[in-house]
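Below: my_file-v7.csv (CSV, C-alpha atoms)
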```csv
chain,number,residue,atom,x,y,z
A,230,MET,CA,-22.0,17.6,12.8
A,231,HIS,CA,-19.2,18.5,10.5
A,232,THR,CA,-19.9,20.2,7.2
A,233,LYS,CA,-18.2,19.9,3.9
A,234,GLU,CA,-17.3,23.6,4.1
A,235,GLU,CA,-15.6,23.1,7.4
A,236,PHE,CA,-13.6,20.1,6.0
A,237,ILE,CA,-12.5,22.1,3.0
A,238,GLU,CA,-11.3,25.0,5.2
A,239,GLN,CA,-9.4,22.7,7.5
A,240,ILE,CA,-7.7,20.9,4.6
A,241,LYS,CA,-6.7,24.2,3.0
A,242,GLU,CA,-5.3,25.4,6.3
A,243,ASN,CA,-3.2,22.2,6.9
A,244,GLN,CA,-2.4,21.2,3.3
A,245,GLY,CA,1.3,21.4,4.1
A,246,ILE,CA,1.1,18.3,6.3
A,247,ILE,CA,-0.3,16.2,3.4
A,248,TYR,CA,2.5,17.3,1.1
A,249,LYS,CA,5.3,16.6,3.6
A,250,VAL,CA,3.9,13.1,4.5
A,251,ALA,CA,3.3,12.1,0.9
A,252,ARG,CA,6.8,13.2,-0.1
A,253,LEU,CA,8.4,11.3,2.8
A,254,TYR,CA,6.8,7.9,2.0
A,255,THR,CA,7.3,7.9,-1.8
A,256,ASN,CA,10.1,7.8,-4.2
A,257,SER,CA,8.6,9.3,-7.3
A,258,ALA,CA,6.4,12.2,-8.3
A,259,GLU,CA,3.7,9.9,-9.5
A,260,ASP,CA,3.5,7.9,-6.3
A,261,GLN,CA,3.6,11.2,-4.4
A,262,LYS,CA,0.5,12.4,-6.2
A,263,ASP,CA,-1.2,9.0,-5.6
A,264,VAL,CA,-0.5,9.1,-1.9
A,265,TYR,CA,-1.5,12.8,-1.7
A,266,GLN,CA,-4.9,12.0,-3.3
A,267,GLU,CA,-5.3,8.9,-1.1
A,268,ILE,CA,-4.7,11.0,2.1
A,269,VAL,CA,-7.3,13.6,1.1
A,270,TYR,CA,-9.8,10.8,0.3
A,271,GLN,CA,-9.1,9.0,3.7
A,272,LEU,CA,-9.4,12.3,5.6
A,273,TRP,CA,-12.8,12.9,4.0
A,274,LYS,CA,-13.9,9.4,4.6
A,275,SER,CA,-12.8,9.5,8.3
A,276,TYR,CA,-14.0,13.1,8.9
A,277,PRO,CA,-17.3,12.1,10.6
A,278,SER,CA,-15.2,10.3,13.3
A,279,PHE,CA,-13.2,13.5,14.0
A,280,LYS,CA,-13.9,14.7,17.5
A,281,GLU,CA,-13.9,18.4,18.2
A,282,ASN,CA,-12.0,18.0,21.5
A,283,SER,CA,-8.9,17.0,19.7
A,284,LYS,CA,-6.8,19.2,17.4
A,285,PHE,CA,-7.5,18.9,13.7
A,286,SER,CA,-3.9,18.8,12.8
A,287,THR,CA,-3.1,16.1,15.3
A,288,TRP,CA,-5.9,14.0,13.9
A,289,MET,CA,-4.7,14.8,10.4
A,290,TYR,CA,-1.1,13.6,11.1
A,291,ARG,CA,-2.5,10.3,12.3
A,292,ILE,CA,-4.6,9.7,9.2
A,293,ALA,CA,-1.9,10.9,6.8
A,294,LEU,CA,0.8,8.7,8.3
A,295,ASN,CA,-1.5,5.7,8.5
A,296,THR,CA,-2.6,6.2,4.9
A,297,ALA,CA,1.0,6.5,3.7
A,298,ILE,CA,1.9,3.2,5.4
A,299,SER,CA,-1.1,1.3,4.2
A,300,ASN,CA,-0.4,2.5,0.7
A,301,LEU,CA,3.1,0.9,0.8
A,302,ASN,CA,1.4,-2.6,0.6
A,303,LYS,CA,-0.9,-1.8,-2.2
A,304,GLU,CA,0.0,-2.5,-5.8
A,305,LYS,CA,-0.2,0.4,-8.1
A,306,ARG,CA,-3.7,0.6,-9.5
A,307,LYS,CA,-3.6,3.4,-12.0
A,308,GLY,CA,-6.7,4.9,-13.3
A,309,THR,CA,-7.9,8.4,-13.9
A,310,GLN,CA,-6.2,10.8,-11.5
A,311,VAL,CA,-7.4,14.1,-10.5
A,312,SER,CA,-5.3,16.8,-12.2
A,313,ILE,CA,-3.2,17.7,-9.2
A,314,ASP,CA,-0.1,17.5,-11.3
A,315,ASN,CA,0.4,21.2,-11.6
A,316,PHE,CA,0.3,22.2,-8.0
A,317,LEU,CA,2.1,19.1,-6.7
A,318,LEU,CA,4.9,19.2,-9.2
A,319,ASN,CA,5.3,22.9,-9.2
A,320,LYS,CA,4.9,23.4,-5.5
A,321,MET,CA,8.5,23.3,-4.6
A,322,ASP,CA,9.6,24.8,-7.9
A,323,GLN,CA,8.5,28.1,-6.7
A,324,VAL,CA,11.1,27.8,-3.9
A,325,ASP,CA,14.6,28.8,-5.0
A,326,THR,CA,16.7,26.0,-6.5
A,327,VAL,CA,19.4,26.1,-3.8
A,328,MET,CA,16.7,25.5,-1.1
A,329,GLU,CA,15.1,22.8,-3.1
A,330,GLU,CA,18.4,21.0,-3.4
A,331,ARG,CA,19.0,21.2,0.3
A,332,ILE,CA,15.4,19.9,0.9
A,333,THR,CA,16.1,17.0,-1.4
A,334,ILE,CA,19.2,16.1,0.6
A,335,LEU,CA,17.2,16.5,3.8
A,336,TYR,CA,14.5,14.1,2.6
A,337,ALA,CA,17.2,11.7,1.3
A,338,HIS,CA,18.7,11.5,4.8
A,339,ILE,CA,15.3,10.9,6.4
A,340,LYS,CA,14.3,8.4,3.8
A,341,ARG,CA,17.3,6.3,4.8
A,342,LEU,CA,15.8,5.8,8.2
A,343,SER,CA,13.6,2.8,9.0
A,344,ILE,CA,9.9,3.0,8.4
A,345,VAL,CA,9.3,3.2,12.1
A,346,GLU,CA,11.7,6.1,12.6
A,347,LYS,CA,10.5,8.1,9.6
A,348,GLY,CA,7.2,9.0,11.2
A,349,ILE,CA,8.8,9.9,14.5
A,350,ILE,CA,11.4,12.2,13.1
A,351,LEU,CA,8.8,13.9,10.9
A,352,LEU,CA,6.7,14.8,13.9
A,353,HIS,CA,9.8,15.9,15.8
A,354,LEU,CA,10.8,18.2,12.9
A,355,GLU,CA,7.2,19.5,12.8
A,356,GLY,CA,7.8,20.8,16.3
A,357,LYS,CA,5.6,18.3,18.1
A,358,ASN,CA,6.4,17.6,21.8
A,359,TYR,CA,6.6,14.1,23.3
A,360,ASP,CA,3.0,14.1,24.4
A,361,GLU,CA,1.7,14.9,20.9
A,362,ILE,CA,4.1,12.4,19.2
A,363,ALA,CA,3.0,9.8,21.7
A,364,ALA,CA,-0.7,10.6,21.0
A,365,ILE,CA,-0.2,10.3,17.3
A,366,THR,CA,2.0,7.3,17.2
A,367,GLY,CA,0.9,5.1,20.1
A,368,PHE,CA,4.4,4.8,21.6
A,369,THR,CA,5.0,5.8,25.2
A,370,LYS,CA,6.7,9.2,25.9
A,371,THR,CA,9.8,7.4,27.3
A,372,ASN,CA,9.9,5.2,24.2
A,373,ILE,CA,9.7,8.3,22.0
A,374,GLY,CA,12.6,9.8,23.8
A,375,THR,CA,14.8,6.7,23.4
A,376,ARG,CA,13.9,6.4,19.7
A,377,LEU,CA,14.5,10.0,19.0
A,378,GLY,CA,18.0,9.8,20.6
A,379,ARG,CA,18.8,6.8,18.4
A,380,ILE,CA,17.4,8.5,15.3
A,381,LYS,CA,19.6,11.6,16.0
A,382,GLN,CA,22.7,9.4,16.3
A,383,LYS,CA,21.8,7.6,13.1
A,384,LEU,CA,21.3,10.9,11.3
A,385,LYS,CA,24.5,12.3,12.7
A,386,SER,CA,26.6,9.4,11.4
A,387,GLN,CA,24.8,9.5,8.0
A,388,ILE,CA,25.5,13.2,7.6
A,389,LYS,CA,29.2,12.7,8.5
A,390,LYS,CA,29.7,10.1,5.8
B,743,MET,CA,24.2,19.4,7.1
B,744,GLU,CA,23.9,19.5,10.9
B,745,LEU,CA,20.8,18.4,12.8
B,746,GLU,CA,19.9,21.9,13.9
B,747,GLU,CA,20.3,23.0,10.3
B,748,MET,CA,18.0,20.2,9.3
B,749,LYS,CA,15.3,21.5,11.7
B,750,SER,CA,15.6,25.1,10.5
B,751,LEU,CA,15.5,24.0,6.9
B,752,TRP,CA,12.4,21.9,7.6
B,753,GLU,CA,10.8,25.0,9.2
B,754,ASP,CA,11.6,27.1,6.2
B,755,MET,CA,10.2,24.5,3.9
B,756,SER,CA,7.0,24.3,6.0
B,757,GLN,CA,6.6,28.0,5.9
B,758,LYS,CA,6.9,28.1,2.1
B,759,VAL,CA,4.5,25.1,1.7
B,760,ASP,CA,2.0,26.7,4.0
B,761,GLN,CA,2.2,30.1,2.1
B,762,GLN,CA,1.4,28.4,-1.2
B,763,LYS,CA,-2.4,28.0,-0.7
B,764,ILE,CA,-2.9,26.3,-4.0
B,765,LEU,CA,-5.7,23.8,-3.1
B,766,THR,CA,-9.0,25.2,-4.1
B,767,ASP,CA,-12.4,24.1,-2.8
B,768,GLU,CA,-13.2,22.5,-6.1
B,769,LEU,CA,-9.9,20.6,-6.2
B,770,ILE,CA,-10.4,19.2,-2.7
B,771,LEU,CA,-13.9,17.9,-3.6
B,772,ASP,CA,-12.5,16.4,-6.8
B,773,LEU,CA,-9.7,14.7,-4.8
B,774,THR,CA,-12.3,13.0,-2.6
B,775,LYS,CA,-15.0,12.2,-5.1
B,776,GLU,CA,-12.9,11.0,-8.1
B,777,ARG,CA,-10.6,8.9,-5.9
B,778,PHE,CA,-13.6,7.1,-4.4
B,779,GLU,CA,-15.1,6.3,-7.8
B,780,ASN,CA,-11.7,5.4,-9.2
B,781,ARG,CA,-10.9,3.1,-6.3
B,782,MET,CA,-14.2,1.3,-6.4
B,783,ARG,CA,-13.9,0.7,-10.1
B,784,SER,CA,-10.2,-0.3,-10.2
B,785,ILE,CA,-10.7,-2.9,-7.4
B,786,SER,CA,-14.1,-4.3,-8.1
B,787,VAL,CA,-14.3,-4.6,-11.9
B,788,PRO,CA,-11.3,-6.9,-12.6
B,789,GLU,CA,-11.9,-9.1,-9.6
B,790,THR,CA,-15.6,-9.5,-10.3
B,791,LEU,CA,-14.9,-10.2,-13.9
B,792,SER,CA,-12.4,-12.9,-13.0
B,793,ALA,CA,-14.8,-14.4,-10.6
B,794,PHE,CA,-17.5,-14.6,-13.3
B,795,ILE,CA,-15.1,-16.3,-15.7
B,796,CYS,CA,-14.3,-18.9,-13.0
B,797,PHE,CA,-17.9,-19.5,-12.2
B,798,ALA,CA,-18.7,-19.8,-16.0
B,799,ALA,CA,-16.0,-22.4,-16.2
B,800,VAL,CA,-17.6,-24.3,-13.3
B,801,ILE,CA,-21.0,-24.3,-15.0
B,802,TYR,CA,-19.4,-25.4,-18.3
B,803,LEU,CA,-17.6,-28.3,-16.5
B,804,ILE,CA,-20.8,-29.4,-14.6
B,805,SER,CA,-22.9,-29.4,-17.8
B,806,ASN,CA,-20.2,-31.5,-19.6
B,807,PHE,CA,-19.1,-33.6,-16.7
B,808,ASN,CA,-20.5,-36.8,-18.4
B,809,LEU,CA,-17.8,-36.5,-21.0
B,810,LEU,CA,-15.1,-37.1,-18.4
B,811,ASP,CA,-15.5,-40.8,-18.6
B,812,VAL,CA,-12.5,-42.1,-16.6
B,813,TRP,CA,-12.1,-41.8,-12.8
B,814,TYR,CA,-8.9,-39.7,-13.0
B,815,LEU,CA,-10.4,-37.3,-15.5
B,816,GLN,CA,-13.4,-37.0,-13.2
B,817,LEU,CA,-11.1,-36.3,-10.4
B,818,THR,CA,-9.2,-33.5,-12.3
B,819,GLY,CA,-12.6,-32.0,-13.3
B,820,VAL,CA,-13.8,-31.9,-9.6
B,821,LEU,CA,-10.5,-30.4,-8.5
B,822,THR,CA,-10.7,-27.7,-11.2
B,823,MET,CA,-14.2,-26.8,-10.1
B,824,ILE,CA,-13.2,-26.6,-6.5
B,825,ALA,CA,-10.3,-24.3,-7.4
B,826,CYS,CA,-12.5,-22.1,-9.6
B,827,ILE,CA,-14.9,-21.6,-6.8
B,828,VAL,CA,-12.5,-21.3,-3.8
B,829,LEU,CA,-9.8,-19.0,-5.4
B,830,PRO,CA,-12.1,-16.1,-6.5
B,831,ILE,CA,-14.0,-16.3,-3.1
B,832,LEU,CA,-10.7,-16.0,-1.2
B,833,THR,CA,-9.6,-13.1,-3.4
B,834,LEU,CA,-12.9,-11.2,-3.0
B,835,LYS,CA,-12.8,-11.9,0.8
B,836,SER,CA,-9.3,-10.5,1.1
B,837,ILE,CA,-10.3,-7.3,-0.9
B,838,LYS,CA,-13.3,-6.9,1.4
B,839,ARG,CA,-11.0,-7.2,4.4
B,840,ILE,CA,-8.6,-4.5,3.1
B,841,LYS,CA,-11.5,-2.2,2.3
B,842,ALA,CA,-12.9,-2.7,5.8
B,843,ILE,CA,-9.8,-1.3,7.6
B,844,ASP,CA,-10.6,1.9,9.4
B,845,ILE,CA,-7.5,4.1,9.2
B,846,SER,CA,-8.8,6.7,11.6
B,847,LYS,CA,-8.9,4.3,14.5
B,848,SER,CA,-5.3,3.1,14.5
B,849,THR,CA,-2.2,4.8,15.8
B,850,TYR,CA,1.0,4.9,13.8
B,851,LYS,CA,2.4,1.9,15.8
B,852,GLU,CA,-0.7,-0.2,15.1
B,853,SER,CA,-0.6,0.7,11.4
B,854,LEU,CA,3.0,-0.4,11.3
B,855,ILE,CA,2.1,-3.7,12.9
B,856,ASN,CA,-0.7,-4.2,10.4
B,857,TYR,CA,1.6,-3.2,7.6
B,858,ALA,CA,4.2,-5.7,8.5
B,859,LYS,CA,1.7,-8.5,9.1
B,860,ASP,CA,-0.2,-7.7,5.9
B,861,LYS,CA,3.1,-7.7,4.0
B,862,ALA,CA,4.0,-11.2,5.3
B,863,ARG,CA,0.4,-12.5,4.8
B,864,PHE,CA,0.3,-11.1,1.2
B,865,MET,CA,3.6,-12.7,0.3
B,866,LYS,CA,2.4,-16.0,1.7
B,867,LEU,CA,-0.8,-15.7,-0.4
B,868,GLN,CA,1.3,-14.9,-3.4
B,869,LYS,CA,3.5,-17.9,-2.8
B,870,THR,CA,0.5,-20.2,-2.3
B,871,SER,CA,-1.4,-18.8,-5.3
B,872,PHE,CA,1.7,-19.3,-7.5
B,873,TYR,CA,1.8,-23.0,-6.8
B,874,THR,CA,-2.0,-23.3,-6.9
B,875,SER,CA,-2.3,-21.6,-10.2
B,876,PHE,CA,0.3,-23.9,-11.7
B,877,ILE,CA,-1.6,-26.9,-10.5
B,878,VAL,CA,-5.0,-25.5,-11.6
B,879,LEU,CA,-3.6,-24.8,-15.1
B,880,ILE,CA,-2.5,-28.4,-15.4
B,881,LEU,CA,-5.9,-29.7,-14.1
B,882,ALA,CA,-7.8,-27.3,-16.4
B,883,VAL,CA,-5.8,-28.4,-19.5
B,884,ILE,CA,-6.6,-32.0,-18.7
B,885,SER,CA,-10.3,-31.5,-18.1
B,886,PHE,CA,-11.0,-29.0,-20.9
B,887,GLY,CA,-8.8,-31.0,-23.3
B,888,LYS,CA,-11.1,-34.0,-22.8
B,889,ILE,CA,-14.4,-32.0,-22.9
B,890,MET,CA,-13.6,-29.8,-25.8
B,891,LYS,CA,-11.3,-31.9,-28.0
B,892,GLY,CA,-11.8,-35.4,-26.6
B,893,ILE,CA,-8.2,-35.8,-25.7
B,894,ASP,CA,-7.1,-37.9,-22.8
B,895,VAL,CA,-3.7,-36.3,-21.9
B,896,PHE,CA,-2.7,-39.4,-19.8
B,897,THR,CA,-2.8,-41.7,-22.8
B,898,MET,CA,-0.5,-39.4,-24.9
B,899,THR,CA,2.7,-40.9,-23.5
B,900,GLU,CA,5.0,-39.4,-26.2
B,901,LYS,CA,3.9,-35.9,-25.5
B,902,LEU,CA,4.0,-36.5,-21.7
B,903,ASN,CA,7.7,-37.5,-22.0
B,904,TRP,CA,8.7,-33.9,-22.8
B,905,LEU,CA,5.8,-32.0,-21.3
B,906,VAL,CA,6.3,-33.2,-17.8
B,907,PRO,CA,10.1,-32.5,-17.5
B,908,SER,CA,9.8,-29.1,-19.1
B,909,GLY,CA,6.8,-28.2,-16.9
B,910,ILE,CA,8.8,-29.2,-13.8
B,911,GLY,CA,11.8,-27.2,-15.1
B,912,ILE,CA,9.7,-24.0,-15.6
B,913,LEU,CA,8.1,-24.5,-12.2
B,914,TYR,CA,11.5,-24.9,-10.6
B,915,VAL,CA,12.9,-21.7,-12.2
B,916,PHE,CA,9.9,-19.6,-11.2
B,917,SER,CA,9.6,-21.0,-7.8
B,918,GLN,CA,13.2,-20.0,-7.0
B,919,TRP,CA,12.3,-16.4,-8.0
B,920,VAL,CA,9.1,-16.5,-5.9
B,921,LEU,CA,10.8,-17.9,-2.9
B,922,LYS,CA,13.6,-15.3,-3.1
B,923,LYS,CA,11.0,-12.5,-3.2
B,924,TYR,CA,9.1,-14.2,-0.4
B,925,ARG,CA,12.1,-14.4,1.9
B,926,ARG,CA,13.1,-10.8,1.3
B,927,ALA,CA,9.5,-9.5,2.1
B,928,THR,CA,9.1,-11.7,5.2
B,929,ASP,CA,12.6,-10.6,6.5
B,930,SER,CA,11.6,-7.0,6.1
B,931,ALA,CA,8.3,-7.6,7.9
B,932,HIS,CA,10.1,-9.4,10.6
B,933,ASN,CA,12.5,-6.6,11.1
B,934,ILE,CA,9.7,-4.0,11.4
B,935,LEU,CA,8.0,-6.1,14.1
B,936,LYS,CA,11.3,-6.6,15.9
B,937,GLU,CA,12.0,-2.9,15.9
B,938,LEU,CA,8.6,-2.1,17.2
B,939,LYS,CA,9.2,-4.4,20.2
B,940,GLU,CA,12.5,-2.6,21.2
```
Rewrite the coordinates I just gave you, this time as structure tokens.
Amino acid sequence: MHTKEEFIEQIKENQGIIYKVARLYTNSAEDQKDVYQEIVYQLWKSYPSFKENSKFSTWMYRIALNTAISNLNKEKRKGTQVSIDNFLLNKMDQVDTVMEERITILYAHIKRLSIVEKGIILLHLEGKNYDEIAAITGFTKTNIGTRLGRIKQKLKSQIKK
Amino acid sequence: MELEEMKSLWEDMSQKVDQQKILTDELILDLTKERFENRMRSISVPETLSAFICFAAVIYLISNFNLLDVWYLQLTGVLTMIACIVLPILTLKSIKRIKAIDISKSTYKESLINYAKDKARFMKLQKTSFYTSFIVLILAVISFGKIMKGIDVFTMTEKLNWLVPSGIGILYVFSQWVLKKYRRATDSAHNILKELKE
């Protein structure tokens, strides 16, 4: 039985994942906030199905990526939003400007990849091995290897331009 | 920026993001609770309201059906009623289907397949409802015109002379726009599915 307190602790510990996924699949601060909120909501909704034998962060990547994708199809339904503006908008402001600029360029390169590739490169950058990427994405390990090779080539040529 | 540089920059960013423990217990709870209430309200209210309006129109048409005294007016009345019953039911059913999706059970690959298929399905629905709405609008104008004002549109030949061509013109312009949007969305969905098969 999972408790609310355990959920809160886990979210606090892994909150960076939500930020990175939400930023990757959106193009504006407003959409980012919306997806961020949606991911936390979906995590809470799916929390009873989380099994202790798997790693929380692995489960969290899966829910976060799936939510970000499913959100791409939804029309914007604006209503009252939780006041997450401050922490989301200011989060990276606390990092120095030069770094933020470089991060923006990094995200811009990744965002130019296809929707299929985005998730795979994110997990690779997060330091996940082929087994973990395969478990989260549902692709085979061989397929992940092939795709990553292709993505790296694509990024290389993008960066050269 | 080299690939290795990308990876180390990503690590630096991750460290910074992880250090900034800004989410509080209260905020996390708010994010789940308010989102839930907000979502339920934003989806259910307008759709239920639209369904009620459609059903009210059906009741109105049934109770005044005797005023539609010619066969073609009766036919437009029946077709309007069918549309006013079927369309809201289809919309509510599709919302129910979306709400029933269990995100925790799918992998990234499965979600991408669902995304591409939903995208194609949604655009098909948009295209169909565009044409249907146009037809329903015409049918409703004919039926309600007769019931509320006693006007039989089919006998007003003078007005029909300019109403029909301008209606077709508007339909043509908008349908080109809808078809363009439809082709673009289905192409993109097709590309995702193709890429997943590679």
At a cut-off of 9 Å, list the chain B residues touching chain A, using all atoms listed in the file, as a CSV table (one decimal) with C-alpha atoms, in the frame of the given file.
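Now in out05.csv:
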```csv
chain,number,residue,atom,x,y,z
B,743,MET,CA,24.2,19.4,7.1
B,744,GLU,CA,23.9,19.5,10.9
B,745,LEU,CA,20.8,18.4,12.8
B,748,MET,CA,18.0,20.2,9.3
B,749,LYS,CA,15.3,21.5,11.7
B,750,SER,CA,15.6,25.1,10.5
B,751,LEU,CA,15.5,24.0,6.9
B,752,TRP,CA,12.4,21.9,7.6
B,753,GLU,CA,10.8,25.0,9.2
B,755,MET,CA,10.2,24.5,3.9
B,756,SER,CA,7.0,24.3,6.0
B,757,GLN,CA,6.6,28.0,5.9
B,758,LYS,CA,6.9,28.1,2.1
B,759,VAL,CA,4.5,25.1,1.7
B,760,ASP,CA,2.0,26.7,4.0
B,761,GLN,CA,2.2,30.1,2.1
B,762,GLN,CA,1.4,28.4,-1.2
B,763,LYS,CA,-2.4,28.0,-0.7
B,764,ILE,CA,-2.9,26.3,-4.0
B,765,LEU,CA,-5.7,23.8,-3.1
B,766,THR,CA,-9.0,25.2,-4.1
B,767,ASP,CA,-12.4,24.1,-2.8
B,769,LEU,CA,-9.9,20.6,-6.2
B,770,ILE,CA,-10.4,19.2,-2.7
B,771,LEU,CA,-13.9,17.9,-3.6
B,772,ASP,CA,-12.5,16.4,-6.8
B,773,LEU,CA,-9.7,14.7,-4.8
B,774,THR,CA,-12.3,13.0,-2.6
B,775,LYS,CA,-15.0,12.2,-5.1
B,776,GLU,CA,-12.9,11.0,-8.1
B,777,ARG,CA,-10.6,8.9,-5.9
B,778,PHE,CA,-13.6,7.1,-4.4
B,780,ASN,CA,-11.7,5.4,-9.2
B,781,ARG,CA,-10.9,3.1,-6.3
B,783,ARG,CA,-13.9,0.7,-10.1
B,784,SER,CA,-10.2,-0.3,-10.2
B,785,ILE,CA,-10.7,-2.9,-7.4
B,844,ASP,CA,-10.6,1.9,9.4
B,845,ILE,CA,-7.5,4.1,9.2
B,846,SER,CA,-8.8,6.7,11.6
B,847,LYS,CA,-8.9,4.3,14.5
B,848,SER,CA,-5.3,3.1,14.5
B,849,THR,CA,-2.2,4.8,15.8
B,850,TYR,CA,1.0,4.9,13.8
B,851,LYS,CA,2.4,1.9,15.8
B,852,GLU,CA,-0.7,-0.2,15.1
B,853,SER,CA,-0.6,0.7,11.4
B,854,LEU,CA,3.0,-0.4,11.3
B,856,ASN,CA,-0.7,-4.2,10.4
B,857,TYR,CA,1.6,-3.2,7.6
B,858,ALA,CA,4.2,-5.7,8.5
B,860,ASP,CA,-0.2,-7.7,5.9
B,861,LYS,CA,3.1,-7.7,4.0
B,864,PHE,CA,0.3,-11.1,1.2
B,934,ILE,CA,9.7,-4.0,11.4
B,937,GLU,CA,12.0,-2.9,15.9
B,938,LEU,CA,8.6,-2.1,17.2
B,940,GLU,CA,12.5,-2.6,21.2
```
d(atom CA of Ala798 of chain B, atom CA of Ile824 of chain B) in Å: 12.9 Å
Residue nearest Arg863 of chain B - candidates B:Ser885, B:Glu900, B:Ser836, B:Ile912, atoms counted: only C-alpha atoms: B:Ser836
Straight-line distance linking atom CA of Thr874 of chain B with atom CA of Ile831 of chain B, stated in Å to one decimal: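 One can read the atom CA of Thr874 of chain B to atom CA of Ile831 of chain B distance as 14.4 Å.
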One-decimal distance in Å that lies between atom CA of Thr790 of chain B and atom CA of Lys838 of chain B: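 Interatomic distance, atom CA of Lys838 of chain B to atom CA of Thr790 of chain B: 12.2 Å.
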Nearest to Phe285 of chain A, chosen from A:Leu253, A:Val264, A:Glu235, A:Glu259, with only C-alpha atoms counted in the distances: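 Among A:Leu253, A:Val264, A:Glu235, A:Glu259, it is A:Glu235 that comes nearest to Phe285 of chain A.
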Contacts of segment 877-884 of chain B within 7 Å, only C-alpha atoms, excl. fewer than 4 positions in-chain, as an MDAnalysis selection string: chainID B and resid 818 822 825 873 888 895
Which of B:Glu747, B:Leu834, B:Ile889, B:Glu789 sits closest to Tyr802 of chain B [using all atoms listed in the file]: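 Ranked by minimum distance to Tyr802 of chain B, first place goes to B:Ile889.
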